[in-house]
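Novice: Structure: upload_23.cif, mmCIF, C-alpha atoms.
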data_entry
#
loop_
_atom_site.label_atom_id
_atom_site.label_comp_id
_atom_site.auth_asym_id
_atom_site.auth_seq_id
_atom_site.Cartn_x
_atom_site.Cartn_y
_atom_site.Cartn_z
CA MET A 1 122.66 133.30 146.19
CA MET A 2 119.29 134.45 144.93
CA PRO A 3 117.84 132.28 142.14
CA GLN A 4 117.98 133.95 138.76
CA PRO A 5 114.63 134.52 137.02
CA SER A 6 114.09 133.13 133.56
CA ILE A 7 113.86 135.25 130.44
CA GLY A 8 110.24 134.24 130.11
CA ASP A 9 109.37 135.23 133.68
CA ILE A 10 110.98 138.67 133.41
CA SER A 11 109.46 139.32 129.99
CA THR A 12 105.99 138.31 131.12
CA ALA A 13 106.14 140.56 134.19
CA LEU A 14 107.33 143.62 132.25
CA LEU A 15 104.95 143.14 129.33
CA ALA A 16 101.97 142.88 131.67
CA ILE A 17 102.38 146.59 132.47
CA TYR A 18 101.13 147.32 128.95
CA ASP A 19 98.55 144.53 128.82
CA LEU A 20 100.83 142.55 126.55
CA GLN A 21 101.56 138.85 126.69
CA LEU A 22 104.70 137.05 125.59
CA VAL A 23 104.33 134.96 122.45
CA SER A 24 107.97 133.96 121.95
CA TYR A 25 111.51 135.17 122.42
CA THR A 26 114.81 134.70 120.64
CA ILE A 27 118.22 135.25 122.22
CA LEU A 28 120.09 137.64 119.94
CA GLN A 29 123.28 137.98 121.93
CA SER A 30 124.88 136.98 125.21
CA LEU A 31 126.35 139.82 127.25
CA TRP A 32 129.99 140.07 128.28
CA ALA A 33 131.21 137.58 130.92
CA GLY A 34 127.86 135.89 131.41
CA TYR A 35 126.07 139.10 132.39
CA GLY A 36 122.82 138.15 130.71
CA TYR A 37 121.18 138.42 127.31
CA ILE A 38 119.72 140.66 124.66
CA CYS A 39 116.55 139.08 123.29
CA HIS A 40 113.96 139.78 120.64
CA LEU A 41 110.44 139.51 122.03
CA THR A 42 107.28 138.84 120.08
CA ALA A 43 104.28 139.95 122.11
CA SER A 44 100.57 140.48 121.55
CA HIS A 45 97.95 142.62 123.24
CA LYS A 46 95.75 140.61 125.58
CA GLU A 47 92.52 142.00 124.10
CA THR A 48 93.23 143.19 120.55
CA PHE A 49 95.94 140.60 119.82
CA GLU A 50 97.94 143.27 118.01
CA ALA A 51 101.51 142.03 117.48
CA HIS A 52 104.51 143.90 118.91
CA SER A 53 108.23 143.48 118.20
CA LEU A 54 110.38 144.48 121.19
CA ILE A 55 113.84 144.08 122.64
CA LEU A 56 114.69 142.81 126.12
CA LYS A 57 118.02 143.49 127.79
CA LEU A 58 118.43 141.29 130.85
CA ILE A 59 121.42 141.93 133.10
CA THR A 60 122.22 139.52 135.93
CA PRO A 61 125.80 140.26 137.04
CA PRO A 62 127.69 138.29 139.70
CA PRO A 63 128.20 139.70 143.22
CA LEU A 64 130.43 142.77 143.06
CA LYS A 65 133.98 142.59 144.42
CA ALA A 66 135.52 145.85 145.56
CA ASP A 67 138.75 145.32 143.59
CA ASP A 68 137.24 143.97 140.37
CA GLU A 69 137.31 146.96 138.06
CA GLY A 70 136.22 145.08 134.96
CA HIS A 71 132.95 144.10 136.60
CA SER A 72 132.51 147.42 138.43
CA ARG A 73 132.72 149.29 135.14
CA LYS A 74 129.58 147.53 133.95
CA LEU A 75 127.42 148.44 136.90
CA PRO A 76 126.04 151.97 137.13
CA ARG A 77 122.89 151.70 139.25
CA THR A 78 120.62 152.66 136.42
CA VAL A 79 121.10 152.21 132.69
CA PRO A 80 119.97 155.08 130.45
CA VAL A 81 118.19 153.70 127.40
CA ALA A 82 116.13 155.76 124.97
CA GLN A 83 112.47 154.81 124.48
CA CYS A 84 112.48 152.48 127.44
CA LEU A 85 109.03 150.94 127.94
CA ALA A 86 109.47 149.00 131.18
CA THR A 87 112.28 148.25 133.60
CA VAL A 88 113.14 146.32 136.72
CA ASN A 89 116.22 147.06 138.83
CA GLU A 90 116.65 144.94 141.97
CA HIS A 91 119.69 144.63 144.22
CA HIS A 92 119.81 141.73 146.65
CA PRO A 93 121.46 141.40 150.09
CA ASP A 94 123.87 138.74 148.79
CA GLY A 95 125.35 141.17 146.25
CA THR A 96 123.56 139.85 143.19
CA SER A 97 121.21 141.99 141.14
CA ILE A 98 118.71 141.87 138.31
CA THR A 99 118.34 144.65 135.79
CA ALA A 100 116.03 144.24 132.81
CA MET A 101 114.38 146.57 130.37
CA ILE A 102 112.09 146.34 127.42
CA ILE A 103 112.80 148.90 124.73
CA SER A 104 111.46 149.74 121.32
CA ASP A 105 112.91 147.74 118.43
CA LEU A 106 115.09 150.06 116.34
CA ARG A 107 115.17 147.58 113.49
CA HIS A 108 111.77 148.71 112.19
CA ASP A 109 113.30 151.95 110.91
CA PHE A 110 116.98 150.95 110.99
CA PRO A 111 117.11 147.37 109.74
CA ILE A 112 120.78 147.21 108.77
CA ALA A 113 123.17 146.13 111.52
CA SER A 114 126.90 146.72 111.12
CA GLY A 115 129.22 143.84 111.95
CA LYS A 116 131.82 143.62 114.65
CA ARG A 117 134.87 145.81 113.91
CA ASN A 118 133.64 146.49 110.39
CA SER A 119 134.36 149.72 108.57
CA LEU A 120 131.33 151.84 107.78
CA THR A 121 130.50 152.90 104.27
CA GLU A 122 131.19 156.49 103.29
CA ILE A 123 127.48 157.33 103.53
CA GLN A 124 127.26 155.71 106.97
CA VAL A 125 130.26 157.70 108.21
CA HIS A 126 128.57 160.98 107.34
CA ALA A 127 125.36 159.76 108.96
CA ALA A 128 127.25 158.78 112.12
CA LEU A 129 128.89 162.23 112.30
CA ALA A 130 125.47 163.84 111.94
CA TRP A 131 124.03 161.68 114.73
CA LEU A 132 126.95 162.41 117.05
CA GLY A 133 126.83 166.13 116.28
CA GLN A 134 123.13 166.19 117.13
CA PHE A 135 123.54 164.06 120.27
CA HIS A 136 126.48 166.02 121.62
CA GLY A 137 124.95 169.34 120.61
CA PHE A 138 121.66 168.58 122.35
CA PHE A 139 123.32 167.81 125.68
CA TRP A 140 126.00 170.49 125.36
CA THR A 141 123.60 173.14 126.60
CA ARG A 142 121.99 170.87 129.18
CA VAL A 143 124.81 169.25 131.17
CA GLY A 144 125.15 172.44 133.17
CA ASP A 145 121.90 171.51 134.89
CA LEU A 146 123.34 168.22 136.14
CA ASP A 147 124.31 167.93 139.80
CA ARG A 148 127.78 166.46 139.40
CA SER A 149 127.83 165.20 142.96
CA ARG A 150 125.09 162.77 141.96
CA LEU A 151 126.82 161.31 138.90
CA VAL A 152 128.37 157.85 138.97
CA ARG A 153 132.05 157.90 139.93
CA PRO A 154 134.82 155.74 138.39
CA PRO A 155 134.13 152.02 138.87
CA LEU A 156 136.40 151.24 141.82
CA VAL A 157 135.37 154.43 143.64
CA GLU A 158 131.76 153.46 143.08
CA ALA A 159 132.31 149.87 144.24
CA ARG A 160 133.87 151.00 147.53
CA GLY A 161 131.22 153.61 148.23
CA SER A 162 128.06 153.28 150.26
CA ASP A 163 125.63 155.25 148.11
CA GLU A 164 123.27 152.34 147.56
CA ASN A 165 120.13 154.42 148.04
CA ARG A 166 120.58 156.81 145.14
CA PRO A 167 118.72 155.27 142.22
CA ASP A 168 118.47 158.60 140.42
CA ARG A 169 122.07 158.47 139.23
CA ALA A 170 121.96 157.49 135.60
CA VAL A 171 125.22 158.50 133.87
CA TRP A 172 128.92 158.43 134.65
CA LEU A 173 130.84 161.50 135.76
CA ASN A 174 133.39 160.51 133.12
CA GLY A 175 131.91 158.88 130.04
CA GLY A 176 133.60 155.97 128.29
CA TYR A 177 135.54 153.01 129.57
CA THR A 178 139.13 153.79 128.53
CA TYR A 179 139.99 156.90 130.55
CA LEU A 180 143.15 156.66 132.62
CA ALA A 181 141.54 156.71 136.06
CA THR A 182 139.98 153.36 135.25
CA ARG A 183 143.02 151.93 133.41
CA ARG A 184 145.88 152.39 135.85
CA ASN A 185 146.96 148.74 135.78
CA GLU A 186 147.29 148.78 131.99
CA TYR A 187 149.09 152.13 132.15
CA ASP A 188 151.59 150.83 134.70
CA SER A 189 152.27 147.83 132.44
CA LEU A 190 152.87 150.13 129.48
CA ALA A 191 155.18 152.35 131.53
CA ALA A 192 157.25 149.27 132.43
CA ASP A 193 157.38 147.98 128.85
CA ALA A 194 160.78 149.09 127.58
CA ALA A 195 160.09 147.45 124.22
CA SER A 196 157.20 149.82 123.43
CA GLU A 197 157.97 153.21 121.90
CA TRP A 198 154.90 154.54 123.70
CA SER A 199 156.32 153.77 127.13
CA GLU A 200 158.86 156.56 126.78
CA ALA A 201 156.69 158.82 124.64
CA LEU A 202 153.60 158.76 126.87
CA CYS A 203 154.61 157.54 130.33
CA ARG A 204 157.87 159.37 131.16
CA PRO A 205 157.28 162.15 133.75
CA ILE A 206 157.98 165.53 132.18
CA GLN A 207 156.10 168.25 134.09
CA GLY A 208 155.49 168.30 137.81
CA GLY A 209 155.93 164.54 137.98
CA LEU A 210 153.23 164.00 135.34
CA SER A 211 153.72 162.17 132.07
CA THR A 212 152.19 163.30 128.79
CA ALA A 213 149.49 160.64 129.13
CA GLU A 214 148.66 161.79 132.66
CA MET A 215 148.55 165.43 131.62
CA VAL A 216 146.19 164.64 128.76
CA ALA A 217 144.02 162.50 131.03
CA ARG A 218 143.78 165.28 133.61
CA ILE A 219 142.74 167.81 130.97
CA LEU A 220 140.11 165.53 129.43
CA ALA A 221 138.63 164.33 132.72
CA PRO A 222 135.42 166.15 133.78
CA SER A 223 135.82 167.75 137.18
CA GLU A 224 133.56 166.88 140.09
CA ILE A 225 132.68 170.55 140.39
CA ALA A 226 131.58 172.46 137.30
CA GLY A 227 133.92 175.27 136.35
CA GLY A 228 136.99 173.37 135.17
CA PRO A 229 138.93 174.60 132.13
CA LEU A 230 136.92 172.38 129.75
CA SER A 231 133.51 172.55 131.45
CA ARG A 232 132.10 174.91 128.84
CA TYR A 233 132.83 172.35 126.12
CA GLU A 234 131.62 169.25 127.94
CA THR A 235 128.55 167.33 126.91
CA LEU A 236 127.24 163.81 127.30
CA ILE A 237 129.24 161.37 125.21
CA HIS A 238 128.09 157.94 124.08
CA GLY A 239 131.26 156.30 125.39
CA ASP A 240 131.51 153.33 123.03
CA VAL A 241 131.11 154.60 119.48
CA LYS A 242 131.78 151.87 116.92
CA SER A 243 130.11 150.21 113.95
CA GLU A 244 128.93 147.33 116.11
CA ASN A 245 126.78 149.71 118.16
CA LEU A 246 124.64 151.21 115.43
CA PHE A 247 121.86 150.39 113.01
CA THR A 248 121.26 152.15 109.71
CA ASN A 249 118.23 152.67 107.53
CA ILE A 250 117.90 151.08 104.09
CA GLU A 251 119.43 154.10 102.35
CA GLU A 252 122.28 154.10 104.92
CA ASP A 253 122.00 157.88 105.27
CA GLN A 254 120.66 157.74 108.83
CA VAL A 255 121.98 155.82 111.82
CA ALA A 256 120.81 155.05 115.35
CA PHE A 257 123.40 154.26 118.00
CA TYR A 258 122.59 152.03 120.95
CA ASP A 259 124.36 150.52 123.98
CA PHE A 260 124.57 153.55 126.27
CA GLN A 261 126.10 151.82 129.29
CA TYR A 262 129.18 154.08 129.21
CA THR A 263 127.37 157.38 128.68
CA GLY A 264 128.70 160.25 130.79
CA LEU A 265 130.35 163.65 130.73
CA GLY A 266 133.19 164.33 128.34
CA LEU A 267 134.30 166.05 125.16
CA GLY A 268 132.58 164.94 121.99
CA VAL A 269 135.95 164.42 120.30
CA CYS A 270 136.55 161.45 122.61
CA ASP A 271 133.72 159.66 120.80
CA LEU A 272 135.23 160.68 117.46
CA ALA A 273 138.67 159.28 118.34
CA LYS A 274 137.32 155.75 118.60
CA LEU A 275 135.01 156.15 115.61
CA PHE A 276 137.80 157.36 113.32
CA THR A 277 140.23 154.68 114.46
CA CYS A 278 137.89 151.71 114.53
CA SER A 279 135.07 152.30 112.05
CA VAL A 280 135.98 154.96 109.46
CA PRO A 281 137.62 153.60 106.28
CA LEU A 282 141.28 154.60 106.17
CA SER A 283 140.78 156.08 102.71
CA MET A 284 138.46 158.70 104.26
CA LEU A 285 141.26 159.83 106.61
CA THR A 286 144.39 159.81 104.46
CA ASN A 287 146.01 158.38 101.36
CA GLU A 288 149.50 158.76 102.78
CA ARG A 289 151.66 156.15 104.43
CA ALA A 290 154.25 157.76 106.67
CA ARG A 291 155.70 157.36 110.14
CA GLU A 292 154.37 160.80 111.08
CA LEU A 293 151.19 162.37 109.73
CA ASP A 294 149.85 165.87 110.15
CA ILE A 295 146.12 166.37 109.86
CA SER A 296 145.10 165.66 106.26
CA PRO A 297 142.52 167.56 104.20
CA ALA A 298 140.27 164.49 104.37
CA GLU A 299 140.48 164.24 108.16
CA MET A 300 139.98 168.00 108.40
CA ALA A 301 136.84 167.82 106.28
CA LEU A 302 135.26 165.16 108.52
CA LEU A 303 136.08 167.18 111.64
CA GLN A 304 134.64 170.34 110.11
CA GLU A 305 131.47 168.47 109.20
CA TYR A 306 130.99 167.32 112.79
CA HIS A 307 132.05 170.72 114.22
CA ALA A 308 129.47 172.54 112.12
CA ARG A 309 126.67 170.16 113.10
CA LEU A 310 127.61 170.40 116.78
CA GLN A 311 127.48 174.20 116.79
CA SER A 312 124.25 174.35 114.80
CA VAL A 313 122.10 172.52 117.35
CA ASP A 314 121.83 175.41 119.81
CA GLN A 315 123.96 178.01 118.03
CA ARG A 316 126.85 177.75 120.49
CA SER A 317 130.41 178.61 119.52
CA TYR A 318 133.36 176.20 119.79
CA ASP A 319 136.58 177.93 118.71
CA TRP A 320 138.15 175.88 115.92
CA ASP A 321 141.72 176.03 117.25
CA VAL A 322 140.53 174.92 120.68
CA PHE A 323 138.49 172.16 119.08
CA VAL A 324 141.57 170.88 117.21
CA HIS A 325 143.64 170.87 120.41
CA HIS A 326 140.89 168.85 122.08
CA TRP A 327 140.77 166.47 119.11
CA GLU A 328 144.53 165.93 119.17
CA SER A 329 144.42 165.28 122.92
CA ALA A 330 141.65 162.74 122.43
CA LEU A 331 143.79 160.92 119.86
CA VAL A 332 146.73 160.81 122.28
CA ASP A 333 144.48 159.48 125.03
CA TRP A 334 142.94 156.84 122.75
CA LEU A 335 146.41 155.71 121.64
CA ARG A 336 147.47 155.40 125.29
CA PHE A 337 144.59 152.96 125.81
CA GLN A 338 145.31 150.96 122.66
CA ALA A 339 149.04 150.78 123.38
CA SER A 340 148.33 149.35 126.82
CA TRP A 341 145.40 147.12 125.86
CA GLY A 342 145.90 146.08 122.26
CA PHE A 343 145.77 147.74 118.85
CA TRP A 344 142.96 147.40 116.32
CA GLY A 345 141.52 149.46 113.53
CA ASN A 346 143.44 152.19 111.68
CA THR A 347 146.44 151.58 113.90
CA GLU A 348 149.19 152.90 111.63
CA TRP A 349 147.23 156.11 111.01
CA LEU A 350 146.63 156.60 114.74
CA GLU A 351 150.27 156.06 115.67
CA ALA A 352 151.48 158.32 112.88
CA ARG A 353 149.08 161.08 113.91
CA VAL A 354 150.13 160.89 117.55
CA ARG A 355 153.85 160.95 116.69
CA SER A 356 153.18 164.18 114.84
CA ILE A 357 151.05 165.62 117.64
CA LEU A 358 153.69 164.88 120.30
CA LYS A 359 156.28 166.82 118.26
CA ASP A 360 153.96 169.80 117.77
CA GLN A 361 155.26 172.56 120.02
CA GLY A 362 151.99 174.45 119.68
CA TRP A 363 150.05 171.51 121.12
CA ARG A 364 152.72 170.95 123.79
CA SER A 365 152.51 174.58 124.91
CA TRP A 366 148.72 174.46 125.00
CA LEU A 367 148.81 171.28 127.10
CA ALA A 368 151.29 172.75 129.59
CA LYS A 369 149.26 175.96 129.97
CA SER A 370 146.07 173.94 130.40
CA ILE A 371 147.64 171.94 133.22
CA ILE A 372 148.72 175.13 134.99
CA THR A 373 145.20 176.54 134.63
CA ASP A 374 143.70 173.29 135.92
CA ASN A 375 146.03 173.32 138.95
CA ASN A 376 145.12 176.92 139.75
CA ILE A 377 141.40 176.11 139.67
CA GLN A 378 141.89 173.09 141.90
#
Please rewrite the model in this file as structure tokens.
Specialist:
Amino acid sequence: MMPQPSIGDISTALLAIYDLQLVSYTILQSLWAGYGYICHLTASHKETFEAHSLILKLITPPPLKADDEGHSRKLPRTVPVAQCLATVNEHHPDGTSITAMIISDLRHDFPIASGKRNSLTEIQVHAALAWLGQFHGFFWTRVGDLDRSRLVRPPLVEARGSDENRPDRAVWLNGGYTYLATRRNEYDSLAADAASEWSEALCRPIQGGLSTAEMVARILAPSEIAGGPLSRYETLIHGDVKSENLFTNIEEDQVAFYDFQYTGLGLGVCDLAKLFTCSVPLSMLTNERARELDISPAEMALLQEYHARLQSVDQRSYDWDVFVHHWESALVDWLRFQASWGFWGNTEWLEARVRSILKDQGWRSWLAKSIITDNNIQ
């Protein structure tokens, strides 16, 4: 196995591109499963000695195994990071690799970091919706220019492929890390779990051998060829929207998301489903406690706020009724993941909303028609 370079060695090599020298570094966080580190770098210019505060993300994953989906999911060949100053991306014959990047330090303008699984403040929630509306809106009109054949496929497909010489691929065909194509083992476990109400509700085949969860997953999944029933609504999604992945300014009225390793095609509401469940205070969604919940005025207001911002970026239209169907489908899909993986966040609200959605004949009819349309296109 290739020897792993030190943080100091990698930092020094990347900083030299800008005539900077490393003064010191501090490890801020270890990455999942020993993948590497996120570090704060203090550097100075070699001639002017001007100080610079930067961030290093060093990724040194183990050799990839073809059947290890958890590791494969972490490994698109390039990692899209905004304001990236310098990178290295090396893949070795023994299967190991080194990926490192130096990026601008967001904490200058956004010094407040949200904690793990914390709820955002009301001001932060509105700021997060504004950021997501702008992000999704910007790429909404631009994803049509992407060559979908060159996007990164689901993890196990990617691991078994032989496209090693395509470094230009930067985002996933399907953004996020919870979509059904990459969670079949968990889905099969849920389907076999007779003690879970969601086994019957989501996993029982009902139309053409497909379960509700599979129908929703098929509708939400971006197609490999543009022109699917949802292509006109697809954008780039962040893929892991939560309080832990954002900084805010002092006033808390602006946020900056980071950690774009799951960025790819999808519907913006898929980002909202996780945000609402895991980071929005329950009081901003509903004041009711019931086994089934229709959309509340509070939830509606947040969705309308995002919907308006999304459409305003490039003046594109997203029919409200269609948007709501997409939102409800995203909630069903997010519940499928949580039911098979583990619940956290506004769990009772999520379950109550999905119970209501599954009984909504209007949504059921829309889903069935969408599947027929999707089959005809394929």
Novice: Which polymer residues, protein or nucleic acid, are no farther than 8 Å from (125.1, 150.7, 115.1), counting only C-alpha atoms, as a list in words?
Specialist: Ala113, Ser114, Lys242, Ser243, Glu244, Asn245, Leu246, Phe247, Thr248, Val255, Ala256, Phe257 and Tyr258 of chain A
Novice: Considering only C-alpha atoms, can you say which of A:Glu252, A:Glu186, A:Asp193, A:Glu200 comes closest to Phe110 (chain A)?
Specialist: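 Checking each candidate against Phe110 (chain A), we get A:Glu252 as the closest.
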Novice: Quote the spacing between CA of Asn287 (chain A) and CA of Ala352 (chain A) in Å to one decimal place.
Specialist: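 CA of Ala352 (chain A) lies at a distance of 12.8 Å from CA of Asn287 (chain A).
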Novice: Can you list, as an NGL selection string, every protein, DNA or RNA residue that comes within 10 Å of Phe138 (chain A) when you count only C-alpha atoms, leaving out same-chain residues fewer than 5 positions away?
Specialist: :A and (132-133 or 143 or 235-236 or 310-314)
Novice: Using C-alpha atoms, can you write the selected residues to a file as a PDB file, in the coordinates of the input?
Specialist:
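What landed in out_39.pdb:
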ATOM      1  CA  LEU A 132     126.950 162.410 117.050  1.00  0.00           C
ATOM      2  CA  GLY A 133     126.830 166.130 116.280  1.00  0.00           C
ATOM      3  CA  VAL A 143     124.810 169.250 131.170  1.00  0.00           C
ATOM      4  CA  THR A 235     128.550 167.330 126.910  1.00  0.00           C
ATOM      5  CA  LEU A 236     127.240 163.810 127.300  1.00  0.00           C
ATOM      6  CA  LEU A 310     127.610 170.400 116.780  1.00  0.00           C
ATOM      7  CA  GLN A 311     127.480 174.200 116.790  1.00  0.00           C
ATOM      8  CA  SER A 312     124.250 174.350 114.800  1.00  0.00           C
ATOM      9  CA  VAL A 313     122.100 172.520 117.350  1.00  0.00           C
ATOM     10  CA  ASP A 314     121.830 175.410 119.810  1.00  0.00           C
TER      11      ASP A 314
END
Novice: Using all atoms listed in the file for the distances, tell me which of A:Leu28, A:Leu180, A:Leu151, A:Ala298 is nearest to Ser211 (chain A).
Specialist: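 Comparing A:Leu28, A:Leu180, A:Leu151, A:Ala298 against Ser211 (chain A), the winner is A:Leu180.
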Novice: Counting all atoms listed in the file, figure out which residue out of A:Ile357, A:Asp19, A:Gln254, A:Asp240 gets nearest to Ala128 (chain A).
Specialist: A:Gln254
Novice: Taking the file as shown, find all residues satisfying the PyMOL selection byres ((chain A and resi 38-42) around 7) and write them as a PyMOL selection string.
Specialist: chain A and resi 22-30+37+43+52-58
Novice: Considering all atoms listed in the file, can you say which of A:Thr277, A:Thr121, A:Ser283, A:Ser6 comes closest to Glu351 (chain A)?
Specialist: A:Thr277
Novice: Could you tell me, as a PyMOL selection string, which residues have any atom at most 10 Å from (140.7, 160.6, 124.8), counting all atoms listed in the file?
Specialist: chain A and resi 176+178-180+213+216-217+219-221+266-274+326-337
Novice: CA of Ala368 (chain A) to CA of Tyr233 (chain A): how many Å, to one decimal?
Specialist: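 Separating CA of Ala368 (chain A) from CA of Tyr233 (chain A) is a distance of 18.8 Å.
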Novice: Write out as a compact mmCIF listing (two decimals) with C-alpha atoms, in the frame of the given file each polymer residue whose atoms come within 7 Å of Arg153 (chain A), counting all atoms listed in the file; drop sequence neighbours fewer than 2 positions from it.
Specialist:
# COMPACT_ATOMS: atom_id res chain seq x y z
CA LEU A 151 126.82 161.31 138.90
CA PRO A 155 134.13 152.02 138.87
CA VAL A 157 135.37 154.43 143.64
CA GLU A 158 131.76 153.46 143.08
CA TRP A 172 128.92 158.43 134.65
CA LEU A 173 130.84 161.50 135.76
